[in-house]
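> One structure, as C-alpha cells, below. Some questions next.
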Amino acid sequence: MRLRLGLALLGALALGAALAPLAQAWLGHDPFAPDLLARFGPPSAEHPLGTDDLGRDILLRLLHGARVSLAVGLAVALGATLLGTGIGLLAAWRGGWVEAVLMRLADGLLSLPALPLLVVLAAVDTGRFGLPRGEALSDILRIAVILVAFGWVPVARLSRAAALTQLSLDYVAAARVAGAGEARVLLRHVLPNIAAPIAVATALSVAGAILAESTLSFLGLGIQPPAPSWGNMLSNAQEMVFSAPLAAVWPGLAILLAVAGCTLVADGVRQRLG
Amino acid sequence: MLRLILGRLVQIAATLALVSAATWLAMGLMPGDPIDLALMADPKLTAEDAARLRALHGLDQPLHARYLAWAAAVLRGEFGHSRLFAVPAAQVLWPALGSTLVLLGWSLLLAAVLGVLLGAWGAARRRAAPVVDGIAILAQSTPSFWLGILLVILFAVELGWLPAGGLADSPGVAEAARFLILPVATLAIVNLAAYARHALAALQAELGADYIRTARMKGLSERAILWRHAFPNAAIPVVTVLALDAGSLVSGALVTETIFARPGMGKLIYDAVMGNDYNLALLALLLAALVTMLATLAADVAQRLIDPRLSR
C-alpha cells in the first residue's frame with residue numbers, strides 16, 4: 001500500500017519531468033524567457049498555474065525543476081549507495097583498525113550539523129578547479145558531489161551491520177570451504193543478501209538529497225537562476241509573498257510530494273521485509 | 001559513564017580539529033581573499049600595496065601555516081575580528097548563540113511534547129494510528145523553508161497577527177515572544193515527526209506486553225496504564241531521537257533564522273559565508289558543531305540514566 005502510493009507519486013513526478021518539453025510545445029511558452037507584460041498572471045487556460053514575477057509560466061518551470069530535483073536525487077542515490085555499500089562491506093569484512101577508522105569517521109559526520117557545513121562547501125568556487133561556473137549541469141554535479149560526501153554515512157552503517165550478520169552465518173563459511181575467493185564471497189553471497197536494507201537506505205537518501213538540494217537552492221547556493229529548481233523558485237516567491245502569495249505554494253508542494261514519495265517507498269520496502 | 005563522557009570529549013575535540021582543517025582548506029578555495037576585496041573597494045591601491053598588505057596580515061604564507069597560526073590563536077582564546085561586522089568576532093558569536101539556543105529550546109520542547117502526545121493518541125486508539133503515521137510522514141517531508149513562508153503568508157500577510165520576521169524593537173517578554181512564535185512553530189512542526197513515529201512504535205510495542213495485561217487485570221484506568229506503566233519504558237527510543245536529531249535541529253535553525261531574519265548562529269554562518277568573512281564563518285561553524293555534539297552527548301547520558309541496562 002505504502003510502496004504503491006510512493007511509487008505512484010514518484011512515477012507521476014518522473015512522468016512530469018519527462019514530458020516537460022512536450023508540455024512546453026503544447027502550451028507554447030518558453031519557461032526561460034521573461035514576458036514582462038504577463039507578470040503575476042492568475043491561473044488561466046494559457047498559464048494553468050499562473051506566471052511569476054518575470055511573466056514566466058509557473059507550471060512549465062515546475063516541470064523543468066522536477067528534472068533538476070530528480071537528477072540530483074538519482075545522482076546522489078547512485079553515488080551514496082556505491083560509496084556507502086563499498087565502505088560498509090569493507091569495514092565489516094576487514095574489521096580491526098580499518099573498521100574503527102571508517103566507523104568513527106561515519107559517527108563524526110553524523111554528529112555534525114549538516115546544513116551549515118553544506119552551506120560552507122557549496123560556497124567553494126568550483127571555477128578554481130577549471131569547471132564551468134553557473135551552468136545547470138555543473139551546478140547539479142557540484143551539489144551531488146557535496147551531498148554524496150554526507151549521504152554515504154547511513155548507507156555504510158546499515159550495510160556494515162547487515163554484512164556483519166551475514167558474514168557470521170554458516171553459508172559464508174561453506175562458500176569459503178568450497179574454495180570461493182573473498183571477492184566472490186562478498187559480491188556473490190553477501191551483497192545479494194544485504195540488498196534489501198541498502199534499498200531502504202537508498203530511498204531515504206534520495207529523499208534527503210531532494211530536500212537538501214532545494215534548501216541549498218533556496219539559500220542561493222544550489223542551482224543558479226535562470227535555470228529553474230524548486231528551491232530557487234521558492235526563494236523567488238518569498239520575495240513577492242505580498243504580491244503573489246500563490247506562487248509560493250506550488251514549488252513547496254512539489255518538494256513535499258517528492259520527499260513523501262521516497263519516504264513511503266522506503267517504509268513500504270521495510271514493511272515488506274517484515 | 002565517566003569513560004563514556006571522557007571518550008566522547010576526546011572524539012569531539014578530534015572532530016572539531018578535522019572539521020576546522022577541512023573547512024580552512026575549503027575556504028581557501030572560495031572566491032576572493034580580503035585583499036582582493038580591498039582592491040575592489042579602493043582603486044588607488046597599487047600592486048605593491050596589495051603585496052605589503054598580504055605580508056602584513058600573513059596572507060602570503062602557505063595555507064597550512066596560516067591554519068596552524070589561526071588554530072593556536074583560537075586555543076589561546078583570541079577569536080580575532082569579524083570583517084563583515086567590523087567588531088571582535090566574540091562580540092557577534094555569543095549573542096547569536098544565545099538567540100539560537102532560545103529558538104532551539106522552545107522548538108525542541110514543543111516538538112517533543114506534541115510528538116509524544118500524537119504518538120500516545122495513536123497508540124491508545126487503534127483507529128488513530130494511521131492518521132498519526134500520515135501526519136508524521138507529511139511533517140517529515142515538508143521543507144522547513146516552505147512551511148516558514150506559508151506561515152508568514154497566513155499569519156503575517158493575510159491575517160496580520162504576527163510579525164513576518166526580525167526582532168522586537170521594544171523590550172518586554174511578550175513582545176519578544178510574538179517574534180518567536182512563527183520560527184518556533186516552523187521548527188517544531190518539521191521536527192515533531194520523528195518523535196511521533198518513535199513514540200507510536202514504542203508505545204504500541206509496550207502496550208502488547210504482559211505487564212500491561214496484568215495492570216489491566218488489576219483494574220487500572222487506561223490513562224494510568226498508558227502514562228504510568230507504558231510510557232516510562234517507551235521513553236527510551238524517544239530520548240534516542242533527541243540524541244540523533246541535535247544536528248538536524250541546528251540545520252533547521254539556519255533555515256528558519258534566514259527566513260525570519262533572526263540574528264542567530266545559523267544566519268550568522270550563512271551571512272559570514274556569503275560575505276567572505278572566513279574567520280567568523282569558521283568560528284561560528286565550529287561553535288555550532290560543538291553545541292550539536294555536546295547536545296548529543298547530553299542526550300546519550302540521559303538515556304543511560306533512564307535505562308541502566310545500557311551502561312553495562
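Every chain in the C-alpha cells takes a letter, A first, then B, and so on in the order presented; its residues are numbered from 1, and the ligands are numbered from 1 following the presented order.
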Hey, could you make a per-residue contact list for chain B against chain A with 8 Å as the cut-off, showing the nearest pair of atoms and its distance in Å to one decimal, counting only C-alpha atoms, sorted by chain and number, as a tab-separated table?


```
residue	atom	partner	partner_atom	distance
B:Gln11	CA	A:Gly108	CA	8.0
B:Thr15	CA	A:Gly108	CA	6.2
B:Thr23	CA	A:Val120	CA	7.6
B:Ala26	CA	A:Val124	CA	6.2
B:Met27	CA	A:Val124	CA	6.7
B:Leu29	CA	A:Val124	CA	5.7
B:Met30	CA	A:Val124	CA	4.6
B:Pro31	CA	A:Asp125	CA	5.6
B:Ile137	CA	A:Ala260	CA	6.5
B:Leu138	CA	A:Ala260	CA	6.7
B:Gln140	CA	A:Ala260	CA	7.9
B:Ser141	CA	A:Ala260	CA	5.2
B:Thr142	CA	A:Leu256	CA	5.1
B:Pro143	CA	A:Leu211	CA	6.6
B:Phe145	CA	A:Thr215	CA	7.4
B:Trp146	CA	A:Gly252	CA	5.5
B:Ile149	CA	A:Gln238	CA	6.6
B:Leu150	CA	A:Val249	CA	7.4
B:Ile153	CA	A:Val241	CA	6.4
B:Val157	CA	A:Phe242	CA	6.6
B:Leu244	CA	A:Ser111	CA	7.6
B:Ala246	CA	A:Pro113	CA	7.6
B:Gly247	CA	A:Pro113	CA	4.0
B:Ser248	CA	A:Pro113	CA	6.2
B:Leu249	CA	A:Pro113	CA	8.0
B:Val250	CA	A:Pro113	CA	5.9
B:Ser251	CA	A:Leu115	CA	4.8
B:Gly252	CA	A:Leu115	CA	7.9
B:Leu254	CA	A:Pro116	CA	7.1
B:Val255	CA	A:Thr215	CA	7.9
B:Gly266	CA	A:Pro116	CA	7.0
B:Ile269	CA	A:Pro116	CA	6.8
B:Tyr270	CA	A:Val119	CA	7.0
B:Val273	CA	A:Val120	CA	6.4
B:Met274	CA	A:Ala123	CA	7.7
B:Leu285	CA	A:Pro116	CA	6.6
B:Ala288	CA	A:Pro113	CA	7.3
B:Ala289	CA	A:Leu112	CA	5.5
B:Thr292	CA	A:Leu112	CA	6.6
B:Met293	CA	A:Ser111	CA	6.0
B:Thr296	CA	A:Ser111	CA	7.5
```

> Neighbours of Ala201 of chain B within 8 Å (only C-alpha atoms; same-chain residues fewer than 3 positions away dropped), as a PDB file with all heavy atoms, in the first residue's frame?


```pdb
ATOM      1  N   GLY B 119       1.882  10.480  19.323  1.00  0.00           N
ATOM      2  CA  GLY B 119       2.199   9.060  19.359  1.00  0.00           C
ATOM      3  C   GLY B 119       1.311   8.329  20.356  1.00  0.00           C
ATOM      4  O   GLY B 119       0.813   7.233  20.079  1.00  0.00           O
ATOM      5  N   ALA B 123      -1.339   5.315  19.770  1.00  0.00           N
ATOM      6  CA  ALA B 123      -1.197   4.019  20.425  1.00  0.00           C
ATOM      7  C   ALA B 123      -2.456   3.658  21.215  1.00  0.00           C
ATOM      8  O   ALA B 123      -2.834   2.498  21.313  1.00  0.00           O
ATOM      9  CB  ALA B 123       0.015   4.039  21.352  1.00  0.00           C
ATOM     10  N   ARG B 197       6.561   9.280  15.458  1.00  0.00           N
ATOM     11  CA  ARG B 197       6.718   7.920  14.940  1.00  0.00           C
ATOM     12  C   ARG B 197       7.352   6.996  15.971  1.00  0.00           C
ATOM     13  O   ARG B 197       6.924   5.861  16.149  1.00  0.00           O
ATOM     14  CB  ARG B 197       7.594   7.928  13.686  1.00  0.00           C
ATOM     15  CG  ARG B 197       6.958   8.656  12.540  1.00  0.00           C
ATOM     16  CD  ARG B 197       7.804   8.565  11.321  1.00  0.00           C
ATOM     17  NE  ARG B 197       7.314   7.516  10.436  1.00  0.00           N
ATOM     18  CZ  ARG B 197       7.880   7.243   9.267  1.00  0.00           C
ATOM     19  NH1 ARG B 197       8.928   7.876   8.873  1.00  0.00           N
ATOM     20  NH2 ARG B 197       7.377   6.308   8.504  1.00  0.00           N
ATOM     21  N   HIS B 198       8.406   7.488  16.647  1.00  0.00           N
ATOM     22  CA  HIS B 198       9.081   6.614  17.609  1.00  0.00           C
ATOM     23  C   HIS B 198       8.210   6.380  18.838  1.00  0.00           C
ATOM     24  O   HIS B 198       8.172   5.269  19.362  1.00  0.00           O
ATOM     25  CB  HIS B 198      10.432   7.197  18.005  1.00  0.00           C
ATOM     26  CG  HIS B 198      11.479   6.940  16.970  1.00  0.00           C
ATOM     27  ND1 HIS B 198      11.612   7.722  15.855  1.00  0.00           N
ATOM     28  CD2 HIS B 198      12.392   5.961  16.856  1.00  0.00           C
ATOM     29  CE1 HIS B 198      12.590   7.246  15.104  1.00  0.00           C
ATOM     30  NE2 HIS B 198      13.089   6.180  15.689  1.00  0.00           N
ATOM     31  N   GLN B 204       3.141   1.257  21.178  1.00  0.00           N
ATOM     32  CA  GLN B 204       2.400   0.101  20.662  1.00  0.00           C
ATOM     33  C   GLN B 204       3.057  -1.196  21.112  1.00  0.00           C
ATOM     34  O   GLN B 204       2.383  -2.139  21.527  1.00  0.00           O
ATOM     35  CB  GLN B 204       2.342   0.152  19.135  1.00  0.00           C
ATOM     36  CG  GLN B 204       1.191   0.998  18.615  1.00  0.00           C
ATOM     37  CD  GLN B 204       1.220   1.121  17.103  1.00  0.00           C
ATOM     38  OE1 GLN B 204       2.263   0.954  16.490  1.00  0.00           O
ATOM     39  NE2 GLN B 204       0.079   1.435  16.513  1.00  0.00           N
ATOM     40  N   ALA B 205       4.398  -1.229  21.060  1.00  0.00           N
ATOM     41  CA  ALA B 205       5.107  -2.439  21.474  1.00  0.00           C
ATOM     42  C   ALA B 205       4.907  -2.692  22.966  1.00  0.00           C
ATOM     43  O   ALA B 205       4.644  -3.825  23.379  1.00  0.00           O
ATOM     44  CB  ALA B 205       6.594  -2.298  21.151  1.00  0.00           C
TER      45      ALA B 205
END
```

> Have a look at atom CA of Glu213 of chain A and atom CA of Ile143 of chain A and let me know their distance in Å, one decimal.

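Taking atom CA of Glu213 of chain A as the start and atom CA of Ile143 of chain A as the end point, the length is 6.9 Å.
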
> Among segment 68-308 of chain B, which ones does DSSP place in strand (DSSP E), written as number ranges by chain?

B: 81-82, 87-88

> Give me, as a PyMOL selection string, all polymer residues having an atom no more than 12 Å from segment 80-89 of chain B, counting only C-alpha atoms and skipping those fewer than 3 positions away in the same chain.

chain B and resi 33-35+37-38+57+69-77+92-96+268-284

> Which is closest to Ala196 of chain B among B:Leu18, B:Val173, B:Ala112, B:Ala47, if we use only C-alpha atoms?

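Residue with the minimum atom-to-atom distance to Ala196 of chain B: B:Ala112.
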
> Once DSSP has gone over the backbone, tell me which residues of segment 98-188 of chain A are in alpha helix (DSSP H), as a count of residues only.

66

> Find the spatial neighbours of segment 207-211 of chain B, counting only C-alpha atoms, within a cut-off of 10 Å - ignore same-chain residues fewer than 5 positions away - and output them as number ranges by chain.

B: 123-124, 202, 216-217, 225-226, 229-231, 234

> Please dump the current selection as a PDB file, in the first residue's frame; keep N, CA, C and O atoms.


```pdb
ATOM      1  N   ALA B 123      -1.339   5.315  19.770  1.00  0.00           N
ATOM      2  CA  ALA B 123      -1.197   4.019  20.425  1.00  0.00           C
ATOM      3  C   ALA B 123      -2.456   3.658  21.215  1.00  0.00           C
ATOM      4  O   ALA B 123      -2.834   2.498  21.313  1.00  0.00           O
ATOM      5  N   ALA B 124      -3.131   4.679  21.784  1.00  0.00           N
ATOM      6  CA  ALA B 124      -4.302   4.417  22.615  1.00  0.00           C
ATOM      7  C   ALA B 124      -5.520   4.089  21.758  1.00  0.00           C
ATOM      8  O   ALA B 124      -6.354   3.276  22.139  1.00  0.00           O
ATOM      9  N   ALA B 202       7.017   2.682  19.902  1.00  0.00           N
ATOM     10  CA  ALA B 202       7.451   2.168  21.198  1.00  0.00           C
ATOM     11  C   ALA B 202       6.241   1.892  22.099  1.00  0.00           C
ATOM     12  O   ALA B 202       6.180   0.859  22.775  1.00  0.00           O
ATOM     13  N   ARG B 216      -4.028  -4.111  33.553  1.00  0.00           N
ATOM     14  CA  ARG B 216      -5.452  -4.043  33.187  1.00  0.00           C
ATOM     15  C   ARG B 216      -6.265  -4.925  34.125  1.00  0.00           C
ATOM     16  O   ARG B 216      -7.350  -4.567  34.557  1.00  0.00           O
ATOM     17  N   MET B 217      -5.713  -6.123  34.437  1.00  0.00           N
ATOM     18  CA  MET B 217      -6.423  -7.052  35.314  1.00  0.00           C
ATOM     19  C   MET B 217      -6.620  -6.465  36.703  1.00  0.00           C
ATOM     20  O   MET B 217      -7.625  -6.735  37.368  1.00  0.00           O
ATOM     21  N   ILE B 225      -2.496   3.281  32.775  1.00  0.00           N
ATOM     22  CA  ILE B 225      -1.680   2.255  32.126  1.00  0.00           C
ATOM     23  C   ILE B 225      -0.762   2.889  31.094  1.00  0.00           C
ATOM     24  O   ILE B 225       0.437   2.620  31.048  1.00  0.00           O
ATOM     25  N   LEU B 226      -1.348   3.803  30.289  1.00  0.00           N
ATOM     26  CA  LEU B 226      -0.568   4.417  29.210  1.00  0.00           C
ATOM     27  C   LEU B 226       0.580   5.247  29.772  1.00  0.00           C
ATOM     28  O   LEU B 226       1.731   5.093  29.364  1.00  0.00           O
ATOM     29  N   HIS B 229       2.618   3.252  33.246  1.00  0.00           N
ATOM     30  CA  HIS B 229       3.271   1.964  33.034  1.00  0.00           C
ATOM     31  C   HIS B 229       3.991   1.885  31.696  1.00  0.00           C
ATOM     32  O   HIS B 229       5.164   1.545  31.647  1.00  0.00           O
ATOM     33  N   ALA B 230       3.280   2.195  30.602  1.00  0.00           N
ATOM     34  CA  ALA B 230       3.888   2.009  29.282  1.00  0.00           C
ATOM     35  C   ALA B 230       4.879   3.125  28.964  1.00  0.00           C
ATOM     36  O   ALA B 230       5.963   2.872  28.447  1.00  0.00           O
ATOM     37  N   PHE B 231       4.517   4.374  29.288  1.00  0.00           N
ATOM     38  CA  PHE B 231       5.341   5.483  28.813  1.00  0.00           C
ATOM     39  C   PHE B 231       6.776   5.479  29.325  1.00  0.00           C
ATOM     40  O   PHE B 231       7.709   5.691  28.534  1.00  0.00           O
ATOM     41  N   ALA B 234       8.662   3.336  27.211  1.00  0.00           N
ATOM     42  CA  ALA B 234       8.702   3.762  25.811  1.00  0.00           C
ATOM     43  C   ALA B 234       9.523   5.028  25.646  1.00  0.00           C
ATOM     44  O   ALA B 234       9.807   5.443  24.522  1.00  0.00           O
TER      45      ALA B 234
END
```

> If we count only C-alpha atoms and set the cut-off at 8 Å, which residues sit around Arg2 of chain A, ignoring sequence neighbours fewer than 2 positions away in its own chain? Please answer as a PyMOL selection string.

chain A and resi 4-6+264-265+267-268
